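Visitor: Okay, handing you the structure first.
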Amino acid sequence: MIEDLRTVEAPVPLPGTNGLFTLDPAVVHLNHGSYGAVPVPVQRLQERLRVEQERDPDGFFADLPGRVAAARTRIAAELGTDPAGLALVANATEAVAVALDSVPLAAGDRVLVTDHGYGAVTWAVRRRAEEVGARVDTVRLPLDTPGEEAVRDAVLAAVGGRTVLAVLDQISSPTARRIAGPALLAALRERDVTTVVDGAHAPGMLAAPVEGEADFWFGNLHKWAFAPRATGVLAVRPEWTGRVRPLAVSWEHERGYPANVEWRGTCDYTPWLAAPAGFELLRGLGTDLVRRHNEELAAHGGAVLADRLGLTPLPAEPGVSMRALRLPPGRGESEEEARGLMAVLWQRHAVRTVVRAWPGGGVLRVSAQLYNRPDDYRTLAAGLAELLSDR
């Protein structure tokens with residue numbers, strides 16, 4: 001659906017959120033969807049964990065498997081999923097590598113992706129397919145595709161007799177669209193297509209982030225769930241857990257999934273141990289209040305950009321704390337042009353945001369988080385107006 005731009009008001013900032021982040025106030029941060037921002041209480045907990053680790057490294061690492069399992073259990077409860085099917089990973093990039101290495105593919109098999117997928121995930125799919133002689137089919141979804149039903153129809157129309165795997169976004173990174181919903185995943189299951197769902201943005205943003213119909217689902221906690229970076233999760237259906245191949249063999253290998261995926265020797269596990277504190281903070285602020293605030297602020301920001309610049313908003317769906325808008329033809333159509341626009345917005349206006357290359361006009365994506373204010377979007381609009389007028 002596309003919001004009525006005349007009625008999108010900015011929400012009132014939530015109480016207790018001033019001073020919650022250590023972001024540079026001289027910078028307009030509109031890219032929470034990429035790297036997130038760690039709240040101060042979570043930063044401090046991670047600092048204490050690092051101090052504890054350095055006081056007795058042997059003891060810290062000896063206790064780690066149990067502490068990681070306890071953190072996993074708490075996180076699984078927050079996500080509404082079974083801890084036996086959940087593994088902690090560094091990020092979505094690592095999770096998709098595990099999933100792709102665990103799904104058997106053979107020469108002639110076909111794998112579905114869409115042109116809204118995250119670049120690194122799609123590259124991982126292509127590499128895996130090339131290794132075995134499989135084929136990757138890309139479903140083209142026009143930017144104005146109206147909703148989940150139309151998306152579902154387009155994806156299912158691309159399923160053929162040799163289609164064995166589909167790698168789909170839950171919320172697409174470049175276009176902030178819902179793609180892999182329960183109905184689509186159920187239909188793919190009926191067709192014996194294994195599904196891998198990229199839910200990078202779902203934890204903390206959606207009330208029920210884990211798609212139970214997916215064979216493999218993964219998400220990042222450092223975005224909307226307030227965890228330190230290098231904290232992600234991989235959820236695997238029971239019939240697959242015995243077939244999961246970890247990226248490295250470790251001392252926990254014989255224990256099986258999820259321990260065999262989680263353990264990687266002398267790495268920094270403090271982000272995982274601190275991650276439950278991000279969910280606690282969300283609950284303390286009021287999880288539903290935070291979600292509603294962010295969704296309303298994202299809608300307001302999108303309306304400001306559409307109204308002041310005449311940009312076309314992409315269809316927006318409930319519960320998403322990002323908005324995407326189409327740039328004019330000839331602007332941001334290539335990776336070089338898109339990166340150039342982002343660089344100039346930063347250099348001239350101290351604005352951090354995302355432009356994704358797209359044929360016919362790039363896609364501008366803005367995020368909304370508790371630290372954002374309506375003026376942030378007006379600053380971006382003013383800066384972008386200047387750039388778009390340059391020829």
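Identifiers in this document derive from the order of the structure tokens: chains are assigned A, B, ..., residues are numbered from 1 separately in each chain, and ligands are numbered from 1 in order of occurrence.
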Can you tell me which residues surround A:Trp123 at a distance of at most 12 Å, considering only C-alpha atoms, apart from same-chain residues fewer than 3 positions away, and format the answer as a list in words?
Guide: Thr93, Val96, Ala97, Leu100, Val113, Asp115, Gly117, Tyr118, Gly119, Ala120, Arg126, Arg127, Arg128, Ala129, Glu130, Val136 and Val167 of chain A
Visitor: For the selection just defined, write its residues with C-alpha atoms to a file, as a PDB file, in the first residue's frame.
Guide:
```
ATOM      1  CA  THR A  93      26.285 -13.261   5.502  1.00  0.00           C
ATOM      2  CA  VAL A  96      23.450 -17.838   4.369  1.00  0.00           C
ATOM      3  CA  ALA A  97      26.823 -19.503   3.826  1.00  0.00           C
ATOM      4  CA  LEU A 100      23.721 -22.926   1.260  1.00  0.00           C
ATOM      5  CA  VAL A 113      16.228 -15.441  -6.199  1.00  0.00           C
ATOM      6  CA  ASP A 115      16.153  -8.806  -8.080  1.00  0.00           C
ATOM      7  CA  GLY A 117      17.800  -9.512  -2.859  1.00  0.00           C
ATOM      8  CA  TYR A 118      20.772  -8.318  -0.857  1.00  0.00           C
ATOM      9  CA  GLY A 119      23.857  -8.282  -3.080  1.00  0.00           C
ATOM     10  CA  ALA A 120      26.173 -10.395  -0.931  1.00  0.00           C
ATOM     11  CA  ARG A 126      25.591 -17.734  -7.522  1.00  0.00           C
ATOM     12  CA  ARG A 127      28.915 -19.041  -6.255  1.00  0.00           C
ATOM     13  CA  ARG A 128      27.291 -22.142  -4.746  1.00  0.00           C
ATOM     14  CA  ALA A 129      25.338 -22.785  -7.949  1.00  0.00           C
ATOM     15  CA  GLU A 130      28.433 -22.413 -10.130  1.00  0.00           C
ATOM     16  CA  VAL A 136      20.108 -19.331 -10.819  1.00  0.00           C
ATOM     17  CA  VAL A 167      16.470 -17.798  -1.440  1.00  0.00           C
TER      18      VAL A 167
END
```
Visitor: List every residue of stretch 312-383 of chain A that has an atom at most 8 Å from any atom of stretch 175-190 of chain A, and for each one report the closest atom pair and its distance in Å to one decimal, counting only C-alpha atoms, with rows sorted by chain and then by increasing residue number, as CSV.
Guide:
```
residue,atom,partner,partner_atom,distance
A:Leu314,CA,A:Thr175,CA,7.4
A:Pro315,CA,A:Arg177,CA,7.5
A:Ala316,CA,A:Arg177,CA,6.9
A:Glu317,CA,A:Arg177,CA,7.1
A:Val320,CA,A:Ala176,CA,7.3
A:Met322,CA,A:Ala176,CA,6.1
A:Arg323,CA,A:Ala176,CA,6.2
A:Ala324,CA,A:Thr175,CA,5.5
A:Val363,CA,A:Thr175,CA,7.0
A:Arg365,CA,A:Thr175,CA,6.9
```
Visitor: Any chance you could export the current selection's C-alpha atoms as a short mmCIF file (atom, residue, chain, number, x, y, z; two decimals), in the first residue's frame?
Guide:
```cif
data_model
loop_
_atom_site.label_atom_id
_atom_site.label_comp_id
_atom_site.auth_asym_id
_atom_site.auth_seq_id
_atom_site.Cartn_x
_atom_site.Cartn_y
_atom_site.Cartn_z
CA LEU A 314 7.67 2.47 -3.37
CA PRO A 315 4.74 0.48 -1.93
CA ALA A 316 5.02 0.45 1.86
CA GLU A 317 3.69 -2.28 4.11
CA VAL A 320 8.36 -1.80 8.39
CA MET A 322 12.11 1.92 6.52
CA ARG A 323 10.84 3.62 3.39
CA ALA A 324 12.15 3.53 -0.17
CA VAL A 363 16.29 3.66 -5.00
CA ARG A 365 16.13 4.05 1.37
#
```
Visitor: Let me make sure I understand: among A:Gly33, A:Pro359, A:Pro83, A:Pro39, which one has the smallest atom-to-atom distance to A:Trp224 if we use only C-alpha atoms?
Guide: A:Gly33
Visitor: If you run DSSP on the backbone, which residues of stretch 57-172 of chain A are strand (DSSP E), as a VMD selection string?
Guide: chain A and resid 86 to 89 110 to 114 135 to 139 163 to 169
Visitor: Of the residues A:Val98, A:Leu309, A:Ala368, A:Val89, which is the one nearest to A:Val244, using only C-alpha atoms?
Guide: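 Nearest candidate to A:Val244 out of A:Val98, A:Leu309, A:Ala368, A:Val89: A:Val98.
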Visitor: Considering only C-alpha atoms, can you say which of A:Ala62, A:Leu273, A:Val196, A:Leu289 comes closest to A:Trp251?
Guide: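 The answer is A:Ala62, which sits nearest to A:Trp251.
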Visitor: Give me every alpha helix (DSSP H) residue in stretch 103-346 of chain A, going by DSSP on the backbone, as a ChimeraX atom specification.
Guide: /A:119-132,148-157,182-190,238-241,259-262,270-285,287-309,335-346
Visitor: Quick one: residues within 12 Å of stretch 335-351 of chain A, only C-alpha atoms, excluding same-chain residues fewer than 3 positions away - as a PyMOL selection string?
Guide: chain A and resi 24-31+119+174+327+329-332+354-359+361-366+375-388+390
Visitor: Write the residues of the preceding selection, restricted to C-alpha atoms, as a tab-separated table (two decimals), in the first residue's frame.
Guide:
```tsv
chain	number	residue	atom	x	y	z
A	24	ASP	CA	27.65	12.01	16.64
A	25	PRO	CA	25.02	14.80	16.84
A	26	ALA	CA	26.70	16.59	13.91
A	27	VAL	CA	25.73	13.71	11.61
A	28	VAL	CA	22.25	12.91	10.29
A	29	HIS	CA	21.96	9.15	10.75
A	30	LEU	CA	19.29	7.75	8.41
A	31	ASN	CA	20.87	4.36	7.76
A	119	GLY	CA	23.86	-8.28	-3.08
A	174	PRO	CA	17.21	-2.15	-1.06
A	327	LEU	CA	15.06	8.65	-7.84
A	329	PRO	CA	15.65	8.57	-14.37
A	330	GLY	CA	19.37	8.92	-14.94
A	331	ARG	CA	20.21	9.33	-11.24
A	332	GLY	CA	21.72	6.42	-9.33
A	354	VAL	CA	21.52	4.49	1.26
A	355	VAL	CA	21.05	4.69	-2.49
A	356	ARG	CA	20.79	1.39	-4.36
A	357	ALA	CA	21.45	1.23	-8.08
A	358	TRP	CA	18.39	0.39	-10.17
A	359	PRO	CA	17.71	0.61	-13.91
A	361	GLY	CA	16.41	5.48	-11.50
A	362	GLY	CA	18.08	4.47	-8.25
A	363	VAL	CA	16.29	3.66	-5.00
A	364	LEU	CA	16.73	5.88	-1.93
A	365	ARG	CA	16.13	4.05	1.37
A	366	VAL	CA	15.69	5.82	4.70
A	375	ASP	CA	14.36	17.55	10.86
A	376	ASP	CA	16.64	14.70	9.77
A	377	TYR	CA	14.45	13.97	6.75
A	378	ARG	CA	14.12	17.66	5.90
A	379	THR	CA	17.91	17.96	5.95
A	380	LEU	CA	18.19	15.01	3.57
A	381	ALA	CA	15.51	16.48	1.32
A	382	ALA	CA	17.31	19.82	1.11
A	383	GLY	CA	20.67	18.19	0.35
A	384	LEU	CA	19.23	15.82	-2.21
A	385	ALA	CA	17.34	18.64	-3.91
A	386	GLU	CA	20.66	20.40	-4.44
A	387	LEU	CA	22.30	17.28	-5.87
A	388	LEU	CA	19.42	16.41	-8.16
A	390	ASP	CA	23.19	19.54	-10.49
```
Visitor: For atom CA of A:Ala95 and atom CA of A:Val233, determine how far apart the two atoms are, in Å to one decimal place.
Guide: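 So the answer is 7.4 Å.
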Visitor: Go ahead and compute the interatomic distance for atom CA of A:Val68 and atom CA of A:Val197, in Å to one decimal.
Guide: 24.0 Å
Visitor: What does the distance from atom CA of A:Pro57 to atom CA of A:Leu45 come to in Å, to one decimal?
Guide: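 Distance between the two atoms: 17.4 Å.
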Visitor: For A:Ala92, please output as a PyMOL selection string all residues within 8 Å (counting only C-alpha atoms; exclusion window: fewer than 5 positions along the same chain).
Guide: chain A and resi 198+200+218-220+232-233
Visitor: Could you save those same residues with N, CA and C atoms as a PDB file, in the first residue's frame?
Guide:
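Saved result, again-v2.pdb, follows:
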```pdb
ATOM      1  N   ASP A 198      16.030 -14.653   4.054  1.00  0.00           N
ATOM      2  CA  ASP A 198      16.887 -13.598   4.591  1.00  0.00           C
ATOM      3  C   ASP A 198      16.006 -12.631   5.383  1.00  0.00           C
ATOM      4  N   ALA A 200      17.119 -10.399   7.631  1.00  0.00           N
ATOM      5  CA  ALA A 200      18.112  -9.545   8.275  1.00  0.00           C
ATOM      6  C   ALA A 200      17.485  -8.429   9.090  1.00  0.00           C
ATOM      7  N   PHE A 218      17.240 -16.618   8.703  1.00  0.00           N
ATOM      8  CA  PHE A 218      18.288 -15.956   9.485  1.00  0.00           C
ATOM      9  C   PHE A 218      17.999 -14.473   9.590  1.00  0.00           C
ATOM     10  N   GLY A 219      18.522 -13.879  10.653  1.00  0.00           N
ATOM     11  CA  GLY A 219      18.313 -12.451  10.880  1.00  0.00           C
ATOM     12  C   GLY A 219      19.468 -11.852  11.661  1.00  0.00           C
ATOM     13  N   ASN A 220      19.579 -10.535  11.591  1.00  0.00           N
ATOM     14  CA  ASN A 220      20.582  -9.797  12.357  1.00  0.00           C
ATOM     15  C   ASN A 220      19.944  -9.184  13.594  1.00  0.00           C
ATOM     16  N   GLY A 232      24.030 -12.366  14.975  1.00  0.00           N
ATOM     17  CA  GLY A 232      22.934 -12.793  14.119  1.00  0.00           C
ATOM     18  C   GLY A 232      22.412 -14.132  14.597  1.00  0.00           C
ATOM     19  N   VAL A 233      21.324 -14.586  14.000  1.00  0.00           N
ATOM     20  CA  VAL A 233      20.737 -15.876  14.374  1.00  0.00           C
ATOM     21  C   VAL A 233      20.351 -16.646  13.120  1.00  0.00           C
TER      22      VAL A 233
END
```
Visitor: Within 12 Å of A:Val159, counting only C-alpha atoms, which residues qualify if same-chain residues fewer than 3 places away don't, as a count of residues only?
Guide: 28
Visitor: Restricting the calculation to only C-alpha atoms: of A:Asp58, A:Glu47, A:Glu78, A:Glu9, which residue gets closest to A:Pro271?
Guide: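 Of all the options, A:Glu47 lies closest to A:Pro271.
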Visitor: Looking at A:Ala87, A:Leu305, A:Ala298, A:Leu221, which one is nearest to A:Ser367, with distances taken over only C-alpha atoms?
Guide: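 Using only C-alpha atoms, A:Ser367 sits closest to A:Ala298.
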